[in-house]
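Colleague: Sharing structure.pdb here; it has PDB, C-alpha atoms.
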```
ATOM      1  CA  MET A  20      45.668-246.922 -45.072
ATOM      2  CA  GLY A  21      42.005-245.922 -45.429
ATOM      3  CA  GLY A  22      41.754-247.330 -48.972
ATOM      4  CA  GLU A  23      42.330-250.981 -48.016
ATOM      5  CA  MET A  24      39.281-253.208 -47.891
ATOM      6  CA  ASN A  25      38.770-256.423 -45.981
ATOM      7  CA  ARG A  26      37.330-258.823 -48.582
ATOM      8  CA  ARG A  27      35.837-261.194 -45.995
ATOM      9  CA  LYS A  28      34.016-258.347 -44.280
ATOM     10  CA  MET A  29      32.726-256.983 -47.597
ATOM     11  CA  LEU A  30      31.485-260.416 -48.685
ATOM     12  CA  SER A  31      29.760-261.056 -45.363
ATOM     13  CA  LEU A  32      27.995-257.684 -45.606
ATOM     14  CA  LEU A  33      26.773-258.701 -49.063
ATOM     15  CA  GLY A  34      25.655-262.079 -47.710
ATOM     16  CA  ILE A  35      28.109-264.051 -49.834
ATOM     17  CA  SER A  36      30.221-266.870 -48.471
ATOM     18  CA  PRO A  37      33.953-266.485 -49.234
ATOM     19  CA  ALA A  38      33.994-270.260 -49.823
ATOM     20  CA  LEU A  39      31.569-269.817 -52.717
ATOM     21  CA  LEU A  40      33.933-267.438 -54.504
ATOM     22  CA  ALA A  41      36.999-269.521 -53.613
ATOM     23  CA  GLY A  42      35.396-272.570 -55.247
ATOM     24  CA  ALA A  43      34.654-270.620 -58.436
ATOM     25  CA  THR A  44      38.240-269.367 -58.793
ATOM     26  CA  ALA A  45      39.711-272.791 -57.983
ATOM     27  CA  GLU A  46      37.567-274.403 -60.683
ATOM     28  CA  ALA A  47      38.495-271.757 -63.234
ATOM     29  CA  SER A  48      42.221-272.020 -62.563
ATOM     30  CA  SER A  49      42.233-275.811 -62.886
ATOM     31  CA  LYS A  50      41.140-275.673 -66.547
ATOM     32  CA  ASN A  51      43.677-275.537 -69.350
ATOM     33  CA  PRO A  52      44.033-271.845 -70.247
ATOM     34  CA  LYS A  53      44.682-272.680 -73.938
ATOM     35  CA  THR A  54      41.391-274.581 -74.437
ATOM     36  CA  ALA A  55      39.174-272.850 -71.925
ATOM     37  CA  ALA A  56      36.703-270.135 -72.905
ATOM     38  CA  PRO A  57      37.220-266.679 -71.441
ATOM     39  CA  ILE A  58      35.916-266.423 -67.899
ATOM     40  CA  ALA A  59      33.022-264.007 -67.451
ATOM     41  CA  PRO A  60      32.608-262.222 -64.143
ATOM     42  CA  ALA A  61      30.295-263.987 -61.712
ATOM     43  CA  LYS A  62      26.688-262.773 -61.742
ATOM     44  CA  ILE A  63      25.034-262.242 -58.375
ATOM     45  CA  THR A  64      21.263-261.989 -57.989
ATOM     46  CA  ALA A  65      19.939-260.421 -54.806
ATOM     47  CA  LEU A  66      16.368-260.375 -53.500
ATOM     48  CA  ASN A  67      14.821-257.710 -51.305
ATOM     49  CA  PRO A  68      14.207-259.341 -47.903
ATOM     50  CA  LYS A  69      11.386-256.918 -47.070
ATOM     51  CA  GLY A  70       9.077-258.482 -49.619
ATOM     52  CA  LEU A  71       5.722-257.004 -50.550
ATOM     53  CA  PRO A  72       3.180-256.988 -47.729
ATOM     54  CA  PRO A  73      -0.458-257.558 -48.637
ATOM     55  CA  PRO A  74      -2.672-254.470 -48.721
ATOM     56  CA  VAL A  75      -4.297-253.544 -45.428
ATOM     57  CA  GLN A  76      -8.079-253.805 -45.358
ATOM     58  CA  LEU A  77      -9.454-251.022 -43.186
ATOM     59  CA  VAL A  78     -12.414-251.900 -40.977
ATOM     60  CA  PRO A  79     -14.255-248.991 -39.347
ATOM     61  CA  MET A  80     -15.020-248.998 -35.641
ATOM     62  CA  ALA A  81     -18.543-249.825 -34.535
ATOM     63  CA  PRO A  82     -20.784-246.798 -34.032
ATOM     64  CA  ARG A  83     -20.926-245.448 -30.485
ATOM     65  CA  LEU A  84     -24.020-246.372 -28.453
ATOM     66  CA  ALA A  85     -26.234-243.426 -27.515
ATOM     67  CA  SER A  86     -26.611-244.802 -23.980
ATOM     68  CA  LEU A  87     -25.598-247.836 -21.917
ATOM     69  CA  ASP A  88     -28.885-247.945 -19.987
ATOM     70  CA  GLY A  89     -30.356-251.441 -20.167
ATOM     71  CA  LYS A  90     -27.502-252.724 -22.337
ATOM     72  CA  THR A  91     -25.404-255.866 -21.920
ATOM     73  CA  ILE A  92     -21.633-255.451 -21.916
ATOM     74  CA  PHE A  93     -19.411-258.484 -22.327
ATOM     75  CA  LEU A  94     -16.188-258.327 -20.311
ATOM     76  CA  VAL A  95     -13.786-260.555 -22.247
ATOM     77  CA  SER A  96     -10.376-261.728 -21.053
ATOM     78  CA  ASP A  97      -7.691-263.196 -23.293
ATOM     79  CA  GLY A  98      -6.372-265.173 -20.316
ATOM     80  CA  PHE A  99      -3.481-262.862 -19.446
ATOM     81  CA  PRO A 100      -2.731-263.089 -15.707
ATOM     82  CA  GLY A 101      -4.632-260.450 -13.755
ATOM     83  CA  ALA A 102      -7.131-259.656 -16.508
ATOM     84  CA  ASP A 103      -9.898-261.489 -14.646
ATOM     85  CA  HIS A 104      -9.298-259.356 -11.521
ATOM     86  CA  PHE A 105      -9.334-256.173 -13.589
ATOM     87  CA  LEU A 106     -12.594-257.114 -15.320
ATOM     88  CA  ALA A 107     -14.153-258.046 -11.954
ATOM     89  CA  GLN A 108     -13.417-254.497 -10.808
ATOM     90  CA  VAL A 109     -14.986-253.119 -13.989
ATOM     91  CA  ALA A 110     -18.111-255.217 -13.300
ATOM     92  CA  LEU A 111     -18.251-253.879  -9.717
ATOM     93  CA  TRP A 112     -17.987-250.332 -11.021
ATOM     94  CA  PHE A 113     -20.953-250.890 -13.357
ATOM     95  CA  GLN A 114     -22.997-252.487 -10.522
ATOM     96  CA  LYS A 115     -22.329-249.494  -8.281
ATOM     97  CA  ASN A 116     -22.509-246.623 -10.799
ATOM     98  CA  MET A 117     -24.762-247.927 -13.587
ATOM     99  CA  PRO A 118     -26.950-250.697 -12.132
ATOM    100  CA  SER A 119     -29.121-250.897 -15.268
ATOM    101  CA  VAL A 120     -26.123-252.192 -17.243
ATOM    102  CA  LYS A 121     -25.729-255.978 -17.269
ATOM    103  CA  THR A 122     -22.161-257.327 -17.454
ATOM    104  CA  GLU A 123     -21.158-260.812 -18.597
ATOM    105  CA  TYR A 124     -17.615-262.119 -18.024
ATOM    106  CA  ARG A 125     -16.154-264.490 -20.622
ATOM    107  CA  LEU A 126     -12.731-266.047 -21.160
ATOM    108  CA  LYS A 127     -11.769-266.021 -24.816
ATOM    109  CA  ALA A 128     -10.557-269.315 -26.283
ATOM    110  CA  GLY A 129      -7.014-269.249 -27.637
ATOM    111  CA  ALA A 130      -4.543-266.386 -27.771
ATOM    112  CA  PHE A 131      -5.383-262.751 -28.511
ATOM    113  CA  ALA A 132      -5.137-263.065 -32.289
ATOM    114  CA  ASP A 133      -6.997-266.403 -32.432
ATOM    115  CA  ASP A 134     -10.619-266.300 -33.508
ATOM    116  CA  ASP A 135     -13.311-267.540 -31.110
ATOM    117  CA  PRO A 136     -16.399-268.001 -33.321
ATOM    118  CA  LYS A 137     -18.592-269.356 -30.510
ATOM    119  CA  LEU A 138     -17.911-266.318 -28.287
ATOM    120  CA  ASN A 139     -18.310-263.907 -31.217
ATOM    121  CA  ALA A 140     -21.698-265.421 -32.053
ATOM    122  CA  GLU A 141     -22.827-265.156 -28.414
ATOM    123  CA  ILE A 142     -21.775-261.496 -28.218
ATOM    124  CA  LYS A 143     -23.527-260.671 -31.502
ATOM    125  CA  ALA A 144     -26.696-262.449 -30.366
ATOM    126  CA  SER A 145     -27.054-261.046 -26.850
ATOM    127  CA  GLY A 146     -24.480-258.285 -26.325
ATOM    128  CA  ASN A 147     -24.413-254.584 -27.064
ATOM    129  CA  ALA A 148     -20.763-253.808 -26.325
ATOM    130  CA  VAL A 149     -17.469-255.452 -25.372
ATOM    131  CA  ILE A 150     -14.684-254.475 -23.041
ATOM    132  CA  MET A 151     -11.719-256.705 -23.784
ATOM    133  CA  ALA A 152      -8.743-257.037 -21.447
ATOM    134  CA  ILE A 153      -5.676-257.749 -23.567
ATOM    135  CA  GLY A 154      -2.347-258.629 -21.936
ATOM    136  CA  HIS A 155       0.808-257.107 -23.268
TER     137      HIS A 155
END
```
Could you quickly redo this structure as structure tokens?
Modeller:
Amino acid sequence: MGGEMNRRKMLSLLGISPALLAGATAEASSKNPKTAAPIAPAKITALNPKGLPPPVQLVPMAPRLASLDGKTIFLVSDGFPGADHFLAQVALWFQKNMPSVKTEYRLKAGAFADDDPKLNAEIKASGNAVIMAIGH
């Protein structure tokens, strides 16, 4: 009992349509066996679906600032609901606990992974640090 194999199940696990093999055998059987060349077994080529990912380029984190006194911190939202409220609370905390720190709120253009060159240039020109609120 345990030695029997379901051909359809085996073929589907291999990713082969049973119709493909049925067509090959039907074509082979329709030829005249006296004049036909011997039939070689079908050759199947399979590709690895994982592929080869490109190498990862490591980028080190920015060096830590010695102090935040007198610095400008950009509070950047990616637009996820509630991020603006969270960053407003962060700005209030800085106003209350570190009044020498200037905070600037910005809404990033596009989704999280999208580049925002205009915002990046502004932060590089007049910012010292960034706190970014990223939605899940």
Colleague: Which residue out of A:Tyr124, A:Phe131, A:Ser145, A:Leu77 has the minimum interatomic distance to A:Val95 when all atoms listed in the file are used?
Modeller: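 Nearest to A:Val95: A:Tyr124.
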Colleague: Using only C-alpha atoms, can you list as a list in words the residues within 9 Å of (-12.0, -266.4, -26.7)?
Modeller: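 Here the neighbourhood of the point contains Val95, Ser96, Asp97, Gly98, Arg125, Leu126, Lys127, Ala128, Gly129, Ala130, Phe131, Asp133, Asp134, Asp135, Pro136, Lys137, Leu138 and Asn139 of chain A.
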Colleague: Residues near A:Val109, anyone? I mean within 12 Å using all atoms listed in the file, not counting same-chain ones fewer than 5 positions away, as number ranges by chain.
Modeller: A: 92-95, 102-104, 114-117, 120-124, 149-152
Colleague: Using all atoms listed in the file, pick whichever of A:Ala81, A:Thr91, A:Leu33, A:Trp112 has the shortest atom-to-atom distance to A:Thr64.
Modeller: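 Closest residue, counting all atoms listed in the file: A:Leu33.
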Colleague: Between atom CA of A:Lys90 and atom CA of A:Ala132, what is the distance, to one decimal in Å?
Modeller: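 Spanning atom CA of A:Lys90 to atom CA of A:Ala132 is a straight-line distance of 26.6 Å.
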Colleague: Report, in Å with one decimal, the straight-line distance from atom CA of A:Val78 to atom CA of A:Ala148.
Modeller: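 Answer for the atom CA of A:Val78 to atom CA of A:Ala148 separation: 17.0 Å.
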Colleague: What does the distance from atom CA of A:Pro79 to atom CA of A:Leu106 come to in Å, to one decimal?
Modeller: 25.4 Å
Colleague: From the structure block, carefully write stretch 27-153 of chain A out with C-alpha atoms; format it as an mmCIF file, in the first residue's frame.
Modeller:
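Once everything was written out, this is decode_18.cif:
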```
data_model
loop_
_atom_site.group_PDB
_atom_site.id
_atom_site.type_symbol
_atom_site.label_atom_id
_atom_site.label_comp_id
_atom_site.auth_asym_id
_atom_site.auth_seq_id
_atom_site.Cartn_x
_atom_site.Cartn_y
_atom_site.Cartn_z
ATOM 1 C CA ARG A 27 -0.571 13.674 -10.672
ATOM 2 C CA LYS A 28 0.556 14.660 -7.191
ATOM 3 C CA MET A 29 4.203 13.907 -8.003
ATOM 4 C CA LEU A 30 4.051 15.936 -11.223
ATOM 5 C CA SER A 31 2.392 18.890 -9.507
ATOM 6 C CA LEU A 32 5.094 18.870 -6.815
ATOM 7 C CA LEU A 33 7.697 18.988 -9.587
ATOM 8 C CA GLY A 34 5.805 21.820 -11.288
ATOM 9 C CA ILE A 35 5.020 19.794 -14.402
ATOM 10 C CA SER A 36 1.604 19.724 -16.015
ATOM 11 C CA PRO A 37 0.263 16.185 -16.590
ATOM 12 C CA ALA A 38 -1.100 17.483 -19.916
ATOM 13 C CA LEU A 39 2.450 18.211 -21.067
ATOM 14 C CA LEU A 40 3.495 14.594 -20.553
ATOM 15 C CA ALA A 41 0.226 13.251 -21.982
ATOM 16 C CA GLY A 42 0.829 15.216 -25.193
ATOM 17 C CA ALA A 43 4.357 13.814 -25.529
ATOM 18 C CA THR A 44 3.216 10.192 -25.160
ATOM 19 C CA ALA A 45 0.258 10.693 -27.513
ATOM 20 C CA GLU A 46 2.566 12.108 -30.189
ATOM 21 C CA ALA A 47 5.055 9.280 -29.774
ATOM 22 C CA SER A 48 2.419 6.557 -29.981
ATOM 23 C CA SER A 49 0.880 7.987 -33.153
ATOM 24 C CA LYS A 50 4.090 7.446 -35.159
ATOM 25 C CA ASN A 51 4.707 4.224 -37.043
ATOM 26 C CA PRO A 52 6.847 2.067 -34.734
ATOM 27 C CA LYS A 53 8.669 0.472 -37.714
ATOM 28 C CA THR A 54 9.943 3.791 -39.147
ATOM 29 C CA ALA A 55 10.218 5.868 -36.010
ATOM 30 C CA ALA A 56 13.514 6.423 -34.206
ATOM 31 C CA PRO A 57 13.815 5.126 -30.658
ATOM 32 C CA ILE A 58 12.187 7.446 -28.152
ATOM 33 C CA ALA A 59 14.586 9.017 -25.663
ATOM 34 C CA PRO A 60 13.342 9.880 -22.198
ATOM 35 C CA ALA A 61 12.105 13.447 -21.843
ATOM 36 C CA LYS A 62 14.670 15.922 -20.511
ATOM 37 C CA ILE A 63 13.485 18.351 -17.856
ATOM 38 C CA THR A 64 15.405 21.517 -17.006
ATOM 39 C CA ALA A 65 14.647 23.175 -13.687
ATOM 40 C CA LEU A 66 15.723 26.610 -12.458
ATOM 41 C CA ASN A 67 16.282 27.627 -8.858
ATOM 42 C CA PRO A 68 13.500 30.099 -7.992
ATOM 43 C CA LYS A 69 15.593 31.753 -5.273
ATOM 44 C CA GLY A 70 17.909 33.342 -7.799
ATOM 45 C CA LEU A 71 21.085 35.158 -6.837
ATOM 46 C CA PRO A 72 20.528 38.327 -4.823
ATOM 47 C CA PRO A 73 22.894 41.230 -5.421
ATOM 48 C CA PRO A 74 25.600 41.759 -2.807
ATOM 49 C CA VAL A 75 24.633 43.974 0.109
ATOM 50 C CA GLN A 76 26.541 47.240 0.366
ATOM 51 C CA LEU A 77 27.077 48.057 4.026
ATOM 52 C CA VAL A 78 26.762 51.708 5.013
ATOM 53 C CA PRO A 79 27.988 52.654 8.493
ATOM 54 C CA MET A 80 25.829 54.698 10.834
ATOM 55 C CA ALA A 81 26.613 58.376 11.250
ATOM 56 C CA PRO A 82 28.897 59.175 14.179
ATOM 57 C CA ARG A 83 27.135 60.083 17.418
ATOM 58 C CA LEU A 84 26.995 63.798 18.275
ATOM 59 C CA ALA A 85 28.925 64.774 21.403
ATOM 60 C CA SER A 86 26.037 66.995 22.524
ATOM 61 C CA LEU A 87 22.640 68.190 21.292
ATOM 62 C CA ASP A 88 23.054 71.691 22.748
ATOM 63 C CA GLY A 89 22.366 74.282 20.057
ATOM 64 C CA LYS A 90 21.712 71.623 17.411
ATOM 65 C CA THR A 91 18.813 71.339 14.970
ATOM 66 C CA ILE A 92 16.931 68.047 14.881
ATOM 67 C CA PHE A 93 14.590 67.300 12.005
ATOM 68 C CA LEU A 94 11.490 65.332 13.003
ATOM 69 C CA VAL A 95 10.483 63.526 9.808
ATOM 70 C CA SER A 96 7.236 61.639 9.240
ATOM 71 C CA ASP A 97 6.637 59.169 6.424
ATOM 72 C CA GLY A 98 2.926 60.023 6.545
ATOM 73 C CA PHE A 99 1.804 57.006 8.569
ATOM 74 C CA PRO A 100 -1.312 57.899 10.591
ATOM 75 C CA GLY A 101 -0.402 59.126 14.062
ATOM 76 C CA ALA A 102 3.254 59.823 13.281
ATOM 77 C CA ASP A 103 2.631 63.577 13.285
ATOM 78 C CA HIS A 104 1.117 63.388 16.800
ATOM 79 C CA PHE A 105 4.050 61.321 18.038
ATOM 80 C CA LEU A 106 6.608 63.751 16.603
ATOM 81 C CA ALA A 107 4.692 66.704 18.099
ATOM 82 C CA GLN A 108 5.137 65.067 21.501
ATOM 83 C CA VAL A 109 8.849 64.590 20.814
ATOM 84 C CA ALA A 110 9.115 68.305 19.933
ATOM 85 C CA LEU A 111 7.321 69.230 23.186
ATOM 86 C CA TRP A 112 9.726 67.054 25.143
ATOM 87 C CA PHE A 113 12.721 68.853 23.607
ATOM 88 C CA GLN A 114 11.133 72.281 24.311
ATOM 89 C CA LYS A 115 10.596 71.345 27.952
ATOM 90 C CA ASN A 116 13.776 69.354 28.688
ATOM 91 C CA MET A 117 16.347 70.699 26.212
ATOM 92 C CA PRO A 118 15.255 74.206 25.169
ATOM 93 C CA SER A 119 18.535 74.895 23.338
ATOM 94 C CA VAL A 120 17.661 72.196 20.785
ATOM 95 C CA LYS A 121 15.707 73.421 17.756
ATOM 96 C CA THR A 122 13.250 70.952 16.191
ATOM 97 C CA GLU A 123 11.878 71.124 12.649
ATOM 98 C CA TYR A 124 8.926 68.945 11.582
ATOM 99 C CA ARG A 125 8.831 67.726 7.975
ATOM 100 C CA LEU A 126 6.602 65.329 6.047
ATOM 101 C CA LYS A 127 8.627 63.132 3.730
ATOM 102 C CA ALA A 128 7.454 62.930 0.116
ATOM 103 C CA GLY A 129 6.480 59.455 -1.049
ATOM 104 C CA ALA A 130 6.541 56.177 0.841
ATOM 105 C CA PHE A 131 9.203 55.093 3.333
ATOM 106 C CA ALA A 132 11.548 53.583 0.754
ATOM 107 C CA ASP A 133 11.123 56.446 -1.746
ATOM 108 C CA ASP A 134 13.908 58.994 -1.921
ATOM 109 C CA ASP A 135 13.146 62.646 -1.133
ATOM 110 C CA PRO A 136 16.166 64.553 -2.503
ATOM 111 C CA LYS A 137 14.789 67.996 -1.608
ATOM 112 C CA LEU A 138 14.278 67.023 2.057
ATOM 113 C CA ASN A 139 17.651 65.247 2.204
ATOM 114 C CA ALA A 140 19.392 68.360 0.880
ATOM 115 C CA GLU A 141 17.605 70.568 3.434
ATOM 116 C CA ILE A 142 18.587 68.262 6.308
ATOM 117 C CA LYS A 143 22.216 68.126 5.144
ATOM 118 C CA ALA A 144 22.343 71.915 4.793
ATOM 119 C CA SER A 145 20.746 72.969 8.079
ATOM 120 C CA GLY A 146 20.247 69.898 10.281
ATOM 121 C CA ASN A 147 22.439 68.036 12.726
ATOM 122 C CA ALA A 148 20.280 64.974 13.382
ATOM 123 C CA VAL A 149 17.045 63.285 12.310
ATOM 124 C CA ILE A 150 14.347 61.462 14.192
ATOM 125 C CA MET A 151 12.200 59.643 11.661
ATOM 126 C CA ALA A 152 8.786 58.203 12.498
ATOM 127 C CA ILE A 153 8.245 55.151 10.307
#
```
